[in-house]
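Asks: My file is target26.txt. It has compact mmCIF, C-alpha atoms and all ligand atoms:
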# COMPACT_ATOMS: atom_id res chain seq x y z
CA MET L 1 122.88 102.03 156.37
CA GLN L 2 122.06 98.58 155.02
CA PRO L 3 121.07 98.52 151.33
CA SER L 4 117.51 97.34 150.79
CA PRO L 5 115.36 96.84 147.68
CA ASP L 6 113.20 99.78 148.75
CA MET L 7 116.08 102.23 148.48
CA VAL L 8 115.98 104.63 145.58
CA CYS L 9 118.86 106.78 144.47
CA CYS L 10 117.96 110.12 142.90
CA PRO L 11 119.21 110.02 139.27
CA VAL L 12 120.15 113.72 139.41
CA CYS L 13 121.76 114.40 142.80
CA ASP L 14 122.39 110.87 144.18
CA ALA L 15 120.42 111.42 147.39
CA LEU L 16 119.26 108.10 148.85
CA HIS L 17 115.62 107.66 149.75
CA CYS L 18 113.77 104.86 151.48
CA PHE L 19 110.55 103.87 149.77
CA PRO L 20 108.30 101.86 152.05
CA ALA L 21 105.47 101.88 149.49
CA ASP L 22 104.52 103.28 146.12
CA PRO L 23 102.86 106.67 146.11
CA ASP L 24 99.08 106.56 145.87
CA PRO L 25 97.58 106.85 142.38
CA GLY L 26 97.70 110.48 141.35
CA GLU L 27 100.60 111.29 143.69
CA ARG L 28 104.25 111.85 142.95
CA ALA L 29 107.31 111.14 145.03
CA ARG L 30 110.01 113.77 144.60
CA CYS L 31 113.62 113.94 145.68
CA VAL L 32 113.83 115.88 148.96
CA ARG L 33 116.94 117.70 147.76
CA CYS L 34 116.44 118.56 144.07
CA ARG L 35 112.71 117.85 143.50
CA THR L 36 113.32 115.34 140.67
CA VAL L 37 110.30 113.03 140.29
CA LEU L 38 111.36 109.62 141.62
CA ALA L 39 108.08 107.76 141.26
CA ASN L 40 104.58 108.36 140.00
CA GLY L 41 101.42 106.77 141.34
CA LYS L 42 101.47 103.43 139.56
CA ASP L 43 98.05 103.35 137.94
CA GLN L 44 98.43 106.76 136.45
CA ALA L 45 102.03 106.46 135.26
CA ILE L 46 101.90 103.13 133.45
CA LEU L 47 98.71 103.92 131.59
CA HIS L 48 100.17 107.27 130.54
CA ILE L 49 103.38 105.67 129.30
CA VAL L 50 101.55 103.05 127.25
CA VAL L 51 99.09 105.52 125.73
CA LEU L 52 101.85 107.98 124.84
CA ALA L 53 104.05 105.23 123.38
CA ALA L 54 101.16 103.92 121.26
CA THR L 55 100.40 107.44 120.01
CA ALA L 56 104.04 108.01 119.09
CA LEU L 57 104.12 104.66 117.27
CA VAL L 58 101.11 105.57 115.12
CA LEU L 59 102.59 108.99 114.34
CA MET L 60 105.85 107.27 113.40
CA THR L 61 104.17 105.54 110.43
CA ILE L 62 103.09 108.98 109.17
CA VAL L 63 106.65 110.23 109.60
CA VAL L 64 108.16 107.43 107.57
CA PHE L 65 105.93 107.46 104.53
CA TYR L 66 104.34 110.91 104.19
CA PRO L 67 106.13 113.94 102.71
CA PHE L 68 108.43 115.60 105.20
CA LEU L 69 109.48 118.71 103.32
CA GLU L 70 108.56 120.27 100.02
CA LEU L 71 110.97 122.58 98.19
CA ARG L 72 109.91 124.97 95.44
CA ASN L 73 111.91 127.68 93.70
CA GLY L 74 110.08 128.07 90.41
CA VAL L 75 112.44 125.78 88.52
CA PHE L 76 112.14 122.62 90.50
CA ASP L 77 109.63 121.19 92.83
CA SER L 78 110.71 118.40 95.08
CA ARG L 79 109.21 116.64 98.02
CA ALA L 80 110.66 113.90 100.12
CA SER L 81 109.60 111.60 102.91
CA VAL L 82 112.01 110.53 105.63
CA PHE L 83 112.12 107.08 104.05
CA GLU L 84 113.18 108.54 100.67
CA THR L 85 115.72 110.82 102.34
CA VAL L 86 117.31 107.89 104.10
CA MET L 87 117.27 105.80 100.92
CA SER L 88 118.83 108.56 98.82
CA PHE L 89 122.23 107.77 100.35
CA SER L 90 121.85 104.03 100.02
CA GLU L 91 124.44 103.57 97.26
CA GLY L 92 128.20 103.86 97.20
CA VAL L 93 130.36 105.28 99.99
CA MET L 94 127.42 106.98 101.67
CA ALA L 95 125.63 103.69 102.32
CA PRO L 96 126.83 103.38 105.95
CA LEU L 97 125.46 106.87 106.62
CA SER L 98 122.13 105.80 105.22
CA ILE L 99 122.02 102.76 107.46
CA ALA L 100 123.02 104.79 110.52
CA VAL L 101 120.37 107.46 109.90
CA ALA L 102 117.72 104.81 109.32
CA ALA L 103 118.74 103.04 112.53
CA PHE L 104 118.85 106.10 114.80
CA VAL L 105 115.88 107.99 113.42
CA ILE L 106 113.44 105.24 112.42
CA VAL L 107 114.37 101.73 113.59
CA LEU L 108 115.53 102.41 117.16
CA PRO L 109 112.66 104.74 118.12
CA ILE L 110 110.12 102.25 116.71
CA ALA L 111 111.86 99.34 118.48
CA ARG L 112 111.92 101.24 121.76
CA LEU L 113 108.23 102.16 121.59
CA SER L 114 107.26 98.58 120.71
CA LEU L 115 109.35 97.18 123.58
CA LEU L 116 107.70 99.57 126.04
CA ILE L 117 104.23 98.61 124.85
CA TRP L 118 105.15 94.92 125.05
CA ALA L 119 106.53 95.29 128.58
CA LEU L 120 103.89 97.57 130.08
CA GLY L 121 100.79 97.20 127.87
CA PRO L 122 99.19 94.34 129.83
CA LEU L 123 100.03 96.03 133.17
CA SER L 124 98.21 99.18 132.15
CA VAL L 125 94.94 97.22 131.91
CA ASP L 126 95.69 95.09 135.00
CA ARG L 127 96.59 91.88 133.20
CA GLU L 128 99.48 89.47 133.64
CA PRO L 129 102.62 90.73 131.89
CA TRP L 130 103.51 89.06 128.59
CA PRO L 131 106.53 86.73 128.51
CA GLY L 132 109.84 88.55 128.30
CA ALA L 133 108.35 91.77 129.69
CA ALA L 134 111.33 92.38 131.99
CA ARG L 135 113.83 91.85 129.18
CA ALA L 136 111.82 94.15 126.89
CA LEU L 137 111.80 96.87 129.53
CA ARG L 138 115.54 96.54 130.09
CA TRP L 139 116.20 96.86 126.35
CA ALA L 140 113.92 99.88 126.13
CA GLU L 141 116.13 101.51 128.79
CA ILE L 142 119.35 100.53 127.01
CA LEU L 143 118.09 101.96 123.71
CA LYS L 144 116.93 105.25 125.22
CA PRO L 145 120.10 107.29 124.53
CA TRP L 146 120.31 105.91 120.99
CA ALA L 147 116.84 106.83 119.77
CA MET L 148 117.61 110.26 118.37
CA ALA L 149 114.47 111.62 116.77
CA GLU L 150 115.01 114.97 118.51
CA ILE L 151 118.50 115.35 117.12
CA PHE L 152 117.24 114.77 113.60
CA MET L 153 114.66 117.49 114.23
CA VAL L 154 117.41 119.95 115.24
CA GLY L 155 119.31 119.05 112.06
CA VAL L 156 116.22 119.73 109.98
CA ALA L 157 115.68 123.06 111.71
CA VAL L 158 119.24 124.14 110.87
CA ALA L 159 118.81 123.06 107.24
CA LEU L 160 115.54 125.02 107.04
CA VAL L 161 117.22 128.22 108.15
CA LYS L 162 119.95 127.77 105.54
CA LEU L 163 117.57 126.89 102.72
CA ALA L 164 114.97 129.55 103.42
CA ASP L 165 116.65 132.07 101.07
CA LEU L 166 117.03 129.64 98.18
CA ALA L 167 113.60 128.12 97.87
CA THR L 168 110.10 128.19 99.23
CA LEU L 169 109.78 125.51 101.84
CA SER L 170 106.69 123.90 103.13
CA MET L 171 106.42 121.31 105.83
CA GLY L 172 104.47 118.13 105.11
CA PRO L 173 102.37 116.05 107.50
CA ALA L 174 105.44 114.02 108.49
CA PHE L 175 107.19 117.13 109.79
CA TRP L 176 104.35 117.97 112.18
CA SER L 177 103.98 114.35 113.29
CA PHE L 178 107.68 114.27 114.02
CA ALA L 179 107.43 117.46 116.07
CA ALA L 180 104.52 115.86 117.97
CA ILE L 181 106.57 112.70 118.58
CA VAL L 182 109.41 114.71 120.10
CA ILE L 183 106.99 116.35 122.55
CA ILE L 184 105.17 113.08 123.30
CA THR L 185 108.46 111.28 123.94
CA ALA L 186 109.55 113.99 126.35
CA LEU L 187 106.20 113.73 128.18
CA LYS L 188 106.49 109.96 128.30
CA ASP L 189 109.98 110.11 129.76
CA THR L 190 108.84 112.40 132.57
CA GLN L 191 106.21 109.78 133.49
CA MET L 192 108.71 107.02 133.32
CA SER L 193 110.48 106.62 136.62
CA LYS L 194 112.52 103.42 136.71
CA HIS L 195 111.45 102.67 140.25
CA SER L 196 107.71 102.72 139.60
CA VAL L 197 107.76 100.73 136.34
CA TRP L 198 110.02 98.01 137.73
CA THR L 199 108.04 97.77 140.97
CA ALA L 200 104.82 97.50 138.99
CA LEU L 201 106.30 94.77 136.81
CA ASP L 202 107.61 92.83 139.82
CA THR L 203 104.32 93.01 141.72
CA ALA L 204 102.36 91.94 138.64
CA LYS L 205 104.65 88.94 138.14
CA THR L 206 104.47 87.68 141.69
CA ARG L 207 100.73 88.20 141.93
ZN ZN L 301 117.82 114.66 143.81
What do you get writing this file as structure tokens?
Ligand SMILES: [Zn+2]

Replies:
Amino acid sequence: MQPSPDMVCCPVCDALHCFPADPDPGERARCVRCRTVLANGKDQAILHIVVLAATALVLMTIVVFYPFLELRNGVFDSRASVFETVMSFSEGVMAPLSIAVAAFVIVLPIARLSLLIWALGPLSVDREPWPGAARALRWAEILKPWAMAEIFMVGVAVALVKLADLATLSMGPAFWSFAAIVIITALKDTQMSKHSVWTALDTAKTR
């Protein structure tokens, strides 16, 4: 079989599919073998991705500056935002840790969301893409495995279980926003099939 630009390889089971056209808006193309979503109807998918990315970006500002956890045990009362937590290691030998946590939990997720909005924002309202849209989209894909908000959440959950006996814990607004971001990001990634976003970007460019 000759390779053609309309061929799509299933990211899960490697089955090859020929895509003569995008699915209609509201429809999904699934892998015939394992049912992984290969492409979403363009209009629907891109708008969803942009709206979800923008929502996550707004919630991210709450995460960074509002209290994340509050600890009380009668003697002390302490509350911390993610920003303060990251900064608390910023001196001495722990400084690299601080930089790494800041990068993976705050900087990379924000960069990735902004790149997605830059690349797909104009497409979602049927405008010409902004300059550098393709490069922005490629970088958003490269950064995907490195934006680890979910992993931080798991770490926090483990810490909560361990601390529950020692002090009264309450979760601040940042905690709930972070939980929402994890869910929104997962939703966004299910909408985001490489084939449909790149096709949409290509068609918009050559229009
Ligand atoms: Zn498959």

Asks: How close does chain L get to ligand ZN 301 (chain L)? List, as JSON lines, each residue of chain L within 6 Å, its nearest atom pair and the distance in Å to one decimal, counting all atoms listed in the file.

Replies:
{"residue": "L:Cys10", "atom": "CA", "partner": "L:ZN301", "partner_atom": "ZN", "distance": 4.6}
{"residue": "L:Val12", "atom": "CA", "partner": "L:ZN301", "partner_atom": "ZN", "distance": 5.1}
{"residue": "L:Cys13", "atom": "CA", "partner": "L:ZN301", "partner_atom": "ZN", "distance": 4.1}
{"residue": "L:Asp14", "atom": "CA", "partner": "L:ZN301", "partner_atom": "ZN", "distance": 5.9}
{"residue": "L:Ala15", "atom": "CA", "partner": "L:ZN301", "partner_atom": "ZN", "distance": 5.5}
{"residue": "L:Cys31", "atom": "CA", "partner": "L:ZN301", "partner_atom": "ZN", "distance": 4.7}
{"residue": "L:Arg33", "atom": "CA", "partner": "L:ZN301", "partner_atom": "ZN", "distance": 5.1}
{"residue": "L:Cys34", "atom": "CA", "partner": "L:ZN301", "partner_atom": "ZN", "distance": 4.1}
{"residue": "L:Thr36", "atom": "CA", "partner": "L:ZN301", "partner_atom": "ZN", "distance": 5.5}

Asks: Quick one: distance from CA of Ala39 in chain L to CA of Leu108 in chain L in Å, one decimal?

Replies: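 One can read the CA of Ala39 in chain L to CA of Leu108 in chain L distance as 25.8 Å.
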
Asks: Which residue is closest to Val64 in chain L? Choose from L:Val158, L:Ile184, L:Ala174, L:Leu16 and count all atoms listed in the file.

Replies: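 Closest residue, counting all atoms listed in the file: L:Ala174.
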
Asks: Considering only C-alpha atoms, return as an MDAnalysis selection string whatever protein or nucleic-acid residues lie within 10 Å of range 117-126 of chain L, sequence-local ones (same chain, fewer than 2 positions apart) excluded.

Replies: chainID L and resid 42:54 57 111:115 128:138 140 197:198 200:201 204:205

Asks: Restricting the calculation to all atoms listed in the file, which member of L:Val37, L:Ala95, L:Leu71, L:Val8 is positioned closest to Ser170 in chain L?

Replies: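 Ranked by minimum distance to Ser170 in chain L, first place goes to L:Leu71.
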